[in-house]
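Colleague: Next comes the structure file work-v3.pdb, holding PDB, C-alpha atoms.
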```pdb
ATOM      1  CA  MET A   1      97.318 -16.904 223.073
ATOM      2  CA  LYS A   2      94.378 -14.641 222.227
ATOM      3  CA  ALA A   3      92.991 -12.191 224.719
ATOM      4  CA  ARG A   4      89.483 -12.970 225.814
ATOM      5  CA  VAL A   5      86.837 -10.379 226.539
ATOM      6  CA  THR A   6      84.845 -11.181 229.651
ATOM      7  CA  ALA A   7      82.376  -9.280 231.722
ATOM      8  CA  GLU A   8      84.195 -10.132 234.944
ATOM      9  CA  ALA A   9      86.132  -6.878 235.075
ATOM     10  CA  LEU A  10      83.055  -4.715 234.422
ATOM     11  CA  PRO A  11      80.912  -3.043 237.080
ATOM     12  CA  ASP A  12      77.701  -4.917 237.889
ATOM     13  CA  ALA A  13      75.555  -2.358 236.026
ATOM     14  CA  ALA A  14      77.524  -2.927 232.823
ATOM     15  CA  LYS A  15      77.569  -6.727 233.118
ATOM     16  CA  SER A  16      73.858  -6.967 232.292
ATOM     17  CA  ASN A  17      74.547  -5.482 228.862
ATOM     18  CA  PHE A  18      76.815  -8.444 228.068
ATOM     19  CA  ASP A  19      74.866 -11.250 229.679
ATOM     20  CA  ASP A  20      72.480 -12.418 226.994
ATOM     21  CA  GLY A  21      73.396 -16.075 227.399
ATOM     22  CA  ARG A  22      75.700 -16.228 224.365
ATOM     23  CA  PRO A  23      79.384 -16.939 224.796
ATOM     24  CA  THR A  24      81.549 -13.914 224.227
ATOM     25  CA  GLN A  25      84.110 -13.953 221.438
ATOM     26  CA  PRO A  26      87.432 -12.203 221.568
ATOM     27  CA  PRO A  27      87.624  -9.164 219.286
ATOM     28  CA  GLU A  28      89.591  -9.516 216.101
ATOM     29  CA  THR A  29      92.986  -7.954 216.441
ATOM     30  CA  PRO A  30      93.495  -5.528 213.590
ATOM     31  CA  THR A  31      96.201  -6.709 211.276
ATOM     32  CA  VAL A  32      98.722  -4.156 210.204
ATOM     33  CA  SER A  33      99.521  -4.877 206.599
ATOM     34  CA  LYS A  34     103.059  -4.447 205.479
ATOM     35  CA  PRO A  35     103.890  -4.215 201.807
ATOM     36  CA  ILE A  36     105.512  -7.348 200.477
ATOM     37  CA  TRP A  37     107.315  -5.381 197.793
ATOM     38  CA  LYS A  38     107.645  -1.799 196.817
ATOM     39  CA  PRO A  39     106.981  -1.195 193.124
ATOM     40  CA  ALA A  40     109.696   0.613 191.237
ATOM     41  CA  ILE A  41     109.086   2.288 187.916
ATOM     42  CA  VAL A  42     111.550   1.243 185.243
ATOM     43  CA  ALA A  43     111.603   4.265 182.962
ATOM     44  CA  SER A  44     112.944   2.342 179.960
ATOM     45  CA  LEU A  45     109.822   0.139 179.985
ATOM     46  CA  ILE A  46     107.760   3.148 178.991
ATOM     47  CA  ALA A  47     108.043   4.683 175.544
ATOM     48  CA  SER A  48     106.721   8.205 175.627
ATOM     49  CA  ARG A  49     104.641   9.755 172.898
ATOM     50  CA  GLU A  50     107.600  11.993 172.036
ATOM     51  CA  GLU A  51     109.935   9.014 171.691
ATOM     52  CA  VAL A  52     107.520   7.086 169.465
ATOM     53  CA  GLN A  53     106.821  10.088 167.243
ATOM     54  CA  GLY A  54     110.526  10.968 167.099
ATOM     55  CA  ALA A  55     111.456   7.438 166.088
ATOM     56  CA  ILE A  56     108.840   7.482 163.321
ATOM     57  CA  GLU A  57     109.720  10.969 162.053
ATOM     58  CA  ASN A  58     113.483  10.331 162.124
ATOM     59  CA  GLY A  59     113.396   6.976 160.346
ATOM     60  CA  ALA A  60     114.843   5.223 163.379
ATOM     61  CA  THR A  61     113.840   1.827 162.010
ATOM     62  CA  GLU A  62     116.376   2.369 159.197
ATOM     63  CA  LYS A  63     119.183   4.308 160.886
ATOM     64  CA  ALA A  64     120.287   4.769 164.482
ATOM     65  CA  TRP A  65     118.618   7.660 166.282
ATOM     66  CA  SER A  66     119.088   9.185 169.713
ATOM     67  CA  PHE A  67     116.176  10.113 171.928
ATOM     68  CA  ALA A  68     116.796  12.657 174.683
ATOM     69  CA  GLY A  69     120.582  12.381 174.464
ATOM     70  CA  ALA A  70     120.720   8.595 174.881
ATOM     71  CA  LYS A  71     123.096   6.463 172.850
ATOM     72  CA  PRO A  72     121.811   6.246 169.240
ATOM     73  CA  LYS A  73     119.981   2.993 168.531
ATOM     74  CA  ILE A  74     118.059   1.297 165.782
ATOM     75  CA  TYR A  75     114.382   1.136 166.698
ATOM     76  CA  ARG A  76     112.004  -1.711 166.035
ATOM     77  CA  ILE A  77     108.284  -1.195 166.470
ATOM     78  CA  ILE A  78     106.145  -4.279 167.020
ATOM     79  CA  ASP A  79     102.382  -3.983 166.563
ATOM     80  CA  VAL A  80     100.805  -6.746 168.665
ATOM     81  CA  ARG A  81      97.239  -6.343 167.421
ATOM     82  CA  SER A  82      95.657  -9.167 165.439
ATOM     83  CA  GLU A  83      96.573  -9.518 161.779
ATOM     84  CA  ALA A  84      93.092  -8.338 160.758
ATOM     85  CA  GLU A  85      93.440  -5.163 162.832
ATOM     86  CA  TYR A  86      96.968  -4.573 161.546
ATOM     87  CA  LEU A  87      95.818  -4.876 157.926
ATOM     88  CA  GLY A  88      92.820  -2.597 158.568
ATOM     89  CA  LYS A  89      90.275  -5.347 157.927
ATOM     90  CA  LYS A  90      88.834  -5.067 161.425
ATOM     91  CA  GLY A  91      88.140  -2.025 163.542
ATOM     92  CA  GLY A  92      85.938   0.062 161.282
ATOM     93  CA  PHE A  93      86.837   3.522 159.997
ATOM     94  CA  ARG A  94      89.485   4.119 162.680
ATOM     95  CA  ALA A  95      91.475   1.080 161.526
ATOM     96  CA  LYS A  96      91.815   2.561 158.036
ATOM     97  CA  SER A  97      93.107   5.868 159.426
ATOM     98  CA  ILE A  98      96.116   4.443 161.326
ATOM     99  CA  PRO A  99      99.257   5.586 159.521
ATOM    100  CA  ASN A 100     102.045   3.261 158.450
ATOM    101  CA  ILE A 101     104.650   3.527 161.200
ATOM    102  CA  ASN A 102     106.890   0.803 159.776
ATOM    103  CA  ALA A 103     105.822  -1.660 162.461
ATOM    104  CA  LEU A 104     106.246  -5.418 162.338
ATOM    105  CA  ASN A 105     103.026  -7.280 163.108
ATOM    106  CA  ALA A 106     103.344 -10.063 165.676
ATOM    107  CA  PRO A 107     100.039 -10.685 167.504
ATOM    108  CA  TRP A 108     100.476 -10.734 171.268
ATOM    109  CA  LYS A 109      99.259 -14.337 171.552
ATOM    110  CA  GLU A 110     102.357 -15.504 169.657
ATOM    111  CA  PHE A 111     104.547 -14.427 172.584
ATOM    112  CA  PHE A 112     102.946 -16.694 175.199
ATOM    113  CA  SER A 113     102.221 -20.341 175.882
ATOM    114  CA  SER A 114      98.781 -21.490 176.999
ATOM    115  CA  ASP A 115      99.812 -20.904 180.628
ATOM    116  CA  PHE A 116     100.936 -17.349 179.742
ATOM    117  CA  ARG A 117     104.682 -18.006 179.900
ATOM    118  CA  PRO A 118     106.948 -16.347 177.310
ATOM    119  CA  LEU A 119     107.669 -18.654 174.370
ATOM    120  CA  ALA A 120     111.417 -18.917 173.666
ATOM    121  CA  GLU A 121     110.867 -19.694 169.987
ATOM    122  CA  THR A 122     109.291 -16.272 169.508
ATOM    123  CA  ALA A 123     112.632 -14.635 170.340
ATOM    124  CA  GLU A 124     114.264 -16.791 167.662
ATOM    125  CA  ARG A 125     111.619 -15.760 165.117
ATOM    126  CA  LEU A 126     112.109 -12.085 165.980
ATOM    127  CA  ALA A 127     115.871 -12.368 165.523
ATOM    128  CA  SER A 128     115.337 -14.064 162.139
ATOM    129  CA  VAL A 129     113.473 -10.965 160.868
ATOM    130  CA  GLY A 130     115.991  -8.469 162.242
ATOM    131  CA  VAL A 131     114.580  -7.621 165.666
ATOM    132  CA  LEU A 132     117.656  -7.962 167.853
ATOM    133  CA  PRO A 133     118.261  -7.579 171.596
ATOM    134  CA  GLN A 134     120.524  -4.541 171.062
ATOM    135  CA  HIS A 135     117.659  -2.590 169.411
ATOM    136  CA  ARG A 136     115.225  -0.305 171.180
ATOM    137  CA  VAL A 137     112.019  -2.294 170.713
ATOM    138  CA  ILE A 138     108.749  -0.442 171.194
ATOM    139  CA  VAL A 139     105.586  -2.508 171.439
ATOM    140  CA  ILE A 140     102.255  -0.965 170.519
ATOM    141  CA  ASP A 141      98.622  -2.060 170.409
ATOM    142  CA  ASN A 142      95.314  -0.217 170.645
ATOM    143  CA  ASP A 143      95.449   0.788 174.303
ATOM    144  CA  GLY A 144      98.675  -0.448 175.919
ATOM    145  CA  VAL A 145      97.451  -3.533 177.779
ATOM    146  CA  ALA A 146      98.704  -6.341 175.526
ATOM    147  CA  SER A 147     101.786  -4.319 174.609
ATOM    148  CA  ALA A 148     102.805  -4.117 178.279
ATOM    149  CA  ALA A 149     102.641  -7.904 178.605
ATOM    150  CA  VAL A 150     104.664  -8.356 175.411
ATOM    151  CA  ALA A 151     107.281  -5.836 176.582
ATOM    152  CA  MET A 152     107.768  -7.945 179.702
ATOM    153  CA  ALA A 153     108.053 -11.106 177.581
ATOM    154  CA  LEU A 154     110.699  -9.373 175.468
ATOM    155  CA  ARG A 155     112.597  -8.483 178.627
ATOM    156  CA  ALA A 156     112.476 -12.160 179.595
ATOM    157  CA  TYR A 157     113.947 -13.005 176.160
ATOM    158  CA  GLY A 158     116.889 -10.680 176.838
ATOM    159  CA  TYR A 159     115.683  -7.552 175.047
ATOM    160  CA  ALA A 160     116.835  -5.239 177.827
ATOM    161  CA  ASP A 161     115.683  -2.086 176.047
ATOM    162  CA  ALA A 162     112.164  -3.236 175.163
ATOM    163  CA  GLY A 163     109.322  -0.972 176.197
ATOM    164  CA  CYS A 164     105.708  -0.257 175.402
ATOM    165  CA  PHE A 165     103.797   2.786 174.327
ATOM    166  CA  ALA A 166     101.187   2.674 177.061
ATOM    167  CA  GLY A 167      98.617   4.801 175.263
ATOM    168  CA  GLY A 168      98.699   2.688 172.130
ATOM    169  CA  TYR A 169      97.156   3.741 168.853
ATOM    170  CA  ASN A 170      94.208   5.239 170.747
ATOM    171  CA  ASP A 171      96.529   7.853 172.227
ATOM    172  CA  LEU A 172      98.732   8.220 169.168
ATOM    173  CA  MET A 173      95.727   8.977 166.930
ATOM    174  CA  SER A 174      93.865  11.186 169.424
ATOM    175  CA  ARG A 175      96.005  14.271 168.884
TER     176      ARG A 175
END
```
Can the structure in the file be given as structure tokens, please?

Modeller:
Amino acid sequence: MKARVTAEALPDAAKSNFDDGRPTQPPETPTVSKPIWKPAIVASLIASREEVQGAIENGATEKAWSFAGAKPKIYRIIDVRSEAEYLGKKGGFRAKSIPNINALNAPWKEFFSSDFRPLAETAERLASVGVLPQHRVIVIDNDGVASAAVAMALRAYGYADAGCFAGGYNDLMSR
């Protein structure tokens, strides 16, 4: 039952301030919001600049490499930009200046159905070209937005060590 504000409990002098002929409405009770969930950062979802550069410089796509004392792993880098961007046909001068980082091109749209659910057949296609769940898979795009979505799709496929380079090529090329 809601509390109702009335002028009955007010002194006569104050009642005239409330008596304009309109019915009084109870005040809205402030709602105390409680978080439904508490976000937790999963460190392995994020590939740092140092990890990406180390993997490239140490040939980690060819031989197992250890970042920051972790168990050595083969790395796979997936570039989720469009084919035209990947091949340097789109994006102007900057597109031509992106170095070869031995990345496989798989546009982000290939990972999702029309209702944005991960497509199981994409995992099969990745495995057929040597991208396996036991690898450290780093996903990269221009700015980290599409790569984050693809990293989550990879996790859904069972790639437990998939992560994204959140800064993307924009960050990688800026220094």

Colleague: Which residues would end up in the selection if the PyMOL selection byres ((chain A and resi 117-130) around 10) were applied here, given that I need the answer as an MDAnalysis selection string?

Modeller: chainID A and resid 76 78 104 106 109:116 131:133 135 149:150 152:159

Colleague: What separation in Å, quoted to one decimal, exists between CA of Thr61 (chain A) and CA of Ile74 (chain A)?

Modeller: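 Atom-to-atom, CA of Thr61 (chain A) to CA of Ile74 (chain A), that is 5.7 Å.
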
Colleague: Give the padded box for region 152-168 of chain A as AutoDock Vina command-line options: axis-aligned, covering all atoms listed in the file, 6 Å on each side, centre and edge lengths in Å to one decimal.

Modeller:
```
--center_x 107.8 --center_y -4.1 --center_z 175.9 --size_x 30.3 --size_y 29.8 --size_z 19.6
```

Colleague: Name the residues within 9 Å of (104.9, 7.9, 157.2), counting all atoms listed in the file in the file's coordinates, and put them as a list in words.

Modeller: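 Residues satisfying the cut-off, written out: Ile56, Glu57, Pro99, Asn100, Ile101 and Asn102 of chain A.
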
Colleague: Can you tell me how far CA of Ile36 (chain A) sits from CA of Ala151 (chain A), in Å to one decimal?

Modeller: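 Between these atoms lies a distance of 24.0 Å.
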
Colleague: Interatomic distance between CA of Gly144 (chain A) and CA of Asn58 (chain A)?

Modeller: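 So the two atoms, CA of Gly144 (chain A) and CA of Asn58 (chain A), lie 22.9 Å apart.
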
Colleague: Determine the nearest neighbour of Lys71 (chain A) from the options A:Gln134, A:Asn105, A:Ala40, A:Gly59, counting all atoms listed in the file.

Modeller: A:Gln134
